[in-house]
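Reviewing the structure listed below.
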Amino acid sequence: MSLSVSPGAAAPWIVLKFGGTSVSRRDRWDTIGRLASERKSAGANVLVVVSAVSGVTNALQALIDHHADGADRLARAAALETLHREFAATLDLDPDAVIGALIGELHALARDARGDSAQLEWQADLLALGELFSSRLGSAYLQAQGIDLRWSDARDHLRAVSLPNASAWSARLSVNCDTRRDAAWHTRYAAQGDLLITQGFICRDAGGRTAILGRGGSDTSAAYFGALLGAQRVEIWTDVPGMFSANPRAVPQARLLSKLDYEEAQEIATTGAKVLHPRCISPCRDAGVPLWIRDTSNPDVAGTVIDAAAADAAPGVKAISSRRGIVLVSMDGIGMWQQVGFLADVFERFKRHGLSVDLIGSSEANVTVSLDPSDNLVSSNVLEALCADLAEVCRVKVIAPCAAVTLVGRGMRSLLHKLSDVLAEFGRERVHLISQSSNDLNLTFVVDETVADGMLPRLHELLIHAGAMPVTETAVFGPSWAALNGSTVERATPWWHGKRDALLAQADAGTPRYVYDLATVRARARSMRDLGALDRRFYAIKANPHPDILRTLEAEGIGFECVSAGELAHVSGLFPRLDPTRVLFTPSFAARAEYEDALRRDVWITLDSLPPLTHWPELFRGRQVWLRLDPGFGRGHHEKVRTGGSGAKFGLPLSGLDAFLARARALDVRVFGLHAHLGSGIVDPQHWREVFGRLAGIADSIGSIAALNLGGGIGVPAEPDAPVFDIEALARVLSEAKAACPQYALWMEPGRYLVAEAGVLLLRATQVIDKDGVARIGVDGGMNALLRPALYNAWHEIANLTRLHEPADRRFDIVGPICETGDVLARRRALPHTQEGDVLLAATAGAYGAVMASNYNLRGLPQEVAIDE
């Protein structure tokens with residue numbers, strides 16, 4: 001790392017801030033010393049800002065909270081002394097020499113009479129000790145290692161500012177500091193040395209007394225120093241490598257945000273991300289100082305850079321975050337319409353109780369606001385008093401506990417057309433408030449607290465699928481949390497890489513052309529065969545009925561699931577002697593003639609509604625059938641692939657089960673099995689545990705059930721860093737289900753999982769143009785050849801097969817020849833320089849590709865060929 005410094009110019013400053021986990025171990029202090037020395041060697045002056053050792057601030061706060069018990073205060077002080085003495089020993093330091101004076105101050109404060117009433121000045125003096133302890137220990141340790149890291153008292157250099165309407169508490173324990181540039185201050189500060197360590201979290205007020213910046217104040221201290229020093233940058237070193245597109249511990253596929261502008265970072269921090277305190281961004285933004293977020297345990301990971309330059313990035317959702325503990329206050333005004341001063345009357349009462357309002361929604365008769373507990377002391381007493389005051393001017397209702405789920409990104413209004421699936425997801429929950437920020441940087445939904453965490457993984461996935469979160473923008477989105485932590489299963493190189501020459505030869509025979517690799521089909525069939533708890537496996541042939549694919553699957557012992565008389569005839573024509581029990585007929589709103597055809601063939605028949613039994617009783621009398629149920633929910637990567645829930649046409653609702661069973665008994669119809677297929681693209685193996693649980697519970701009450709069909713929908717990875725489906729986890733789920741209810745046979749019917757990755761679509765580039773800065777590659781097959789992107793916002797990898805090994809140095813939209821605006825196969829894909837005649841490949845196209853193709857615009861259907869070599 002090198003710095004550019006003009007001859008004769010003062011060396012720039014770099015501020016390094018380290019949080020509690022980063023200063024709690026000897027090896028982490030070694031890292032701090034190395035990082036500081038590297039930046040010093042590169043020509044910078046270095047200021048290290050540290051938090052208290054992990055857990056110490058909480059322990060000091062607990063001492064304050066138990067202030068009324070003098071003996072308890074002394075015991076807690078003794079425990080803190082022991083903690084720091086033991087840590088000093090791990091650093092090979094003499095605690096009495098290094099921190100003896102601070103230990104004495106700690107005990108003096110524990111005995112101080114001001115503690116009996118927890119005076120604010122006493123609290124500030126006590127809370128400041130954590131950072132004073134850690135900085136003294138760190139300075140002494142690194143000096144013993146030969147690094148001349150000089151100690152500086154932050155209180156001598158940071159001054160709190162007085163703010164209007166500040167309470168006595170905030171004026172002492174949650175202050176803001178002056179960051180106006182002062183040459184004399186700068187000169188005085190630099191005179192201390194060029195390699196310094198100081199404390200976060202603490203400063204002095206105008207009277208010279210210790211004041212506290214509030215929780216998270218160490219980040220803010222670093223930002224204040226960075227602004228005052230005009231630093232080259234402020235580096236925030238913590239226990240994660242940066243900001244992510246979601247809470248990575250809840251969403252392992254959350255992507256590292258490599259670059260953000262100040263405003264986006266402010267919104268992400270404010271709306272729930274814990275990695276950076278919201279107050280630390282403003283000082284750096286005002287001074288034009290970039291912020292870096294880095295991981296102390298993984299210092300080589302680039303992390304997140306926050307500066308003004310990132311504002312030029314393309315619009316898109318950068319992150320989805322949530323805050324728990326939100327309280328909504330809903331106020332109905334009597335005659336509020338055009339009433340002058342109503343809002344002033346309402347908000348004066350919030351001010352009176354020291355409550356700041358976050359979100360606001362209003363109508364002609366109601367105003368609803370949210371209170372965030374991170375910014376307010378929202379106790380029941382405060383709320384009770386607030387409601388009593390508000391009752392003077394309106395009817396008031398408190399709604400709690402809630403959670404605020406926020407989409408953050410620049411240009412939010414321009415993305416609304418891409419959020420239909422996200423909005424549909426919220427439509428399934430009780431939404432109390434929707435708020436869109438005036439700065440066009442966020443869109444917030446307030447929901448019941450119990451549902452928020454479970455929504456985040458689904459919403460994150462939907463945002464990527466819809467193109468609203470542009471994860472292909474590698475300048476902004478880095479690797480996933482799972483990839484950084486080595487918890488992803490490394491994908492094998494796709495088969496088509498090794499068969500490039502053969503595929504180019506196929507393209508010479510004509511495009512658009514689907515090519516299917518039967519070896520891949522066979523491998524997927526065997527992975528299903530290895531699920532030992534399954535008694536039967538059926539292939540949903542609607543995914544791809546190519547004869548060679550069906551022959552390959554039949555040879556592997558897979559049966560067939562058909563949804564029409566045409567599919568039944570297709571299977572029968574290929575396998576005239578096939579055991580009919582290897583065929584499952586699962587139609588949707590089929591005509592009577594189709595059921596008659598299936599009954600003649602003696603295959604398994606599935607019903608999913610009552611009318612077939614009531615309208616055609618003689619057709620089913622004395623038969624055994626499967627019953628497809630809708631348990632009330634659906635899953636999948638897109639609204640149009642979810643086949644459960646009230647919005648889907650599939651399945652008998654549970655409310656109709658009693659009537660169906662009564663009619664079946666009257667006709668001597670035996671319900672042999674229960675079936676539930678609830679969607680496609682499902683990546684969580686626990687889904688099938690839930691389906692099994694629902695079906696098994698119902699089966700026990702029916703008495704005639706012999707088998708349970710858990711459906712299909714196994715997800716196939718497509719997007720960058722999408723997880724490989726954990727088939728071993730599914731095996732464990734099925735084994736546990738089988739062990740719990742061995743009386744039921746288990747069936748599944750995957751379609752796309754078996755064939756999607758086996759197929760590619762070969763296309764020929766027809767034109768390459770640039771229109772108003774958007775580069776487009778036209779190809780000879782679009783939505784007529786591959787409908788999924790237009791229908792489902794599906795993501796397919798696009799490769800230039802002709803130039804497969806050339807650098808992908810430009811982004812293109814890939815568009816087809818169909819006269820429809822929606823004829824776009826992919827947007828902003830990184831590809832090599834492409835020319836007319838190049839062969840492009842759309843991957844993961846073996847399912848729902850050719851089978852959904854059309855002659856729209858009177859264009860020919862794509863050709864299909866299978867290879868097995």
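By convention here, the chains of the structure tokens are called A, B, ... in the order presented, each chain's residues are numbered starting at 1, and ligands are numbered starting at 1 in the order presented.
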Determine which residues of stretch 638-833 of chain A DSSP labels as alpha helix (DSSP H) from the backbone of this structure, then write them out as a VMD selection string. chain A and resid 657 to 666 686 to 702 727 to 740 752 to 755 788 to 792
For stretch 433-446 of chain A, list every protein, DNA or RNA residue within 6 Å, evaluated using only C-alpha atoms, and leave out those in the same chain fewer than 3 positions away; present the list as a VMD selection string. chain A and resid 403 to 412
Excluding stretch 84-90 of chain A and its own-chain neighbours fewer than 6 positions away, which residues fall within 12 Å of it when counting only C-alpha atoms? Please give them as number ranges by chain. A: 23-27, 29, 52-56, 77-78, 96-100, 102-103, 106, 129-141
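Non-sequential neighbours of A:Gln199 (distance at most 9 Å, separation of 6 or more positions within a chain, only C-alpha atoms) are Val48, Val49, Val50, Ser51, Ala52, Ala128, Glu131, Leu132, Ser134, Ser135, Ser152, Asp153, Ala154, Arg155, Ser218, Ser221 and Ala222 of chain A.
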Might you pull out every residue within 6 Å of A:Ala44, with only C-alpha atoms counted and same-chain residues fewer than 6 positions away left off, and present them as a short mmCIF file (atom, residue, chain, number, x, y, z; two decimals) with C-alpha atoms, in the first residue's frame?
data_model
loop_
_atom_site.label_atom_id
_atom_site.label_comp_id
_atom_site.auth_asym_id
_atom_site.auth_seq_id
_atom_site.Cartn_x
_atom_site.Cartn_y
_atom_site.Cartn_z
CA ALA A 11 2.01 13.45 5.58
CA PRO A 12 -1.70 12.54 5.41
CA TRP A 13 -3.45 10.94 8.33
#
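Residue neighbourhood of A:Ala756, excluding near-sequence residues (fewer than 4 positions): Arg752, Thr844, Ala845, Gly846 and Ala847 of chain A, at 6 Å, using only C-alpha atoms.
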For A:Leu629, the closest of A:Phe589, A:Trp495, A:Trp151, A:Phe660 counting only C-alpha atoms is A:Phe660
Running DSSP on the backbone, which parts of stretch 495-715 of chain A land in strand (DSSP E or B), as JSON, numbers by chain? {"A": [513, 514, 515, 516, 517, 536, 537, 538, 539, 540, 559, 560, 561, 562, 583, 584, 585, 604, 605, 606, 607, 624, 625, 626, 627, 628, 629, 630, 642, 652, 653, 670, 671, 672, 673, 674, 675, 679, 682, 707, 708, 709, 714]}
Closest to A:Leu534 among A:Leu613, A:Leu708, A:Ala10, A:Ile777, using only C-alpha atoms?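 Comparing A:Leu613, A:Leu708, A:Ala10, A:Ile777 against A:Leu534, the winner is A:Leu708.
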Take atom CA of A:Leu60 and atom CA of A:Arg76 and report the distance between them in Å, one decimal.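 Going from atom CA of A:Leu60 over to atom CA of A:Arg76 covers 8.2 Å.
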From the list A:Ile268, A:Leu63, A:Ala124, A:Ile549, the nearest residue to A:Arg209 using only C-alpha atoms is A:Ala124
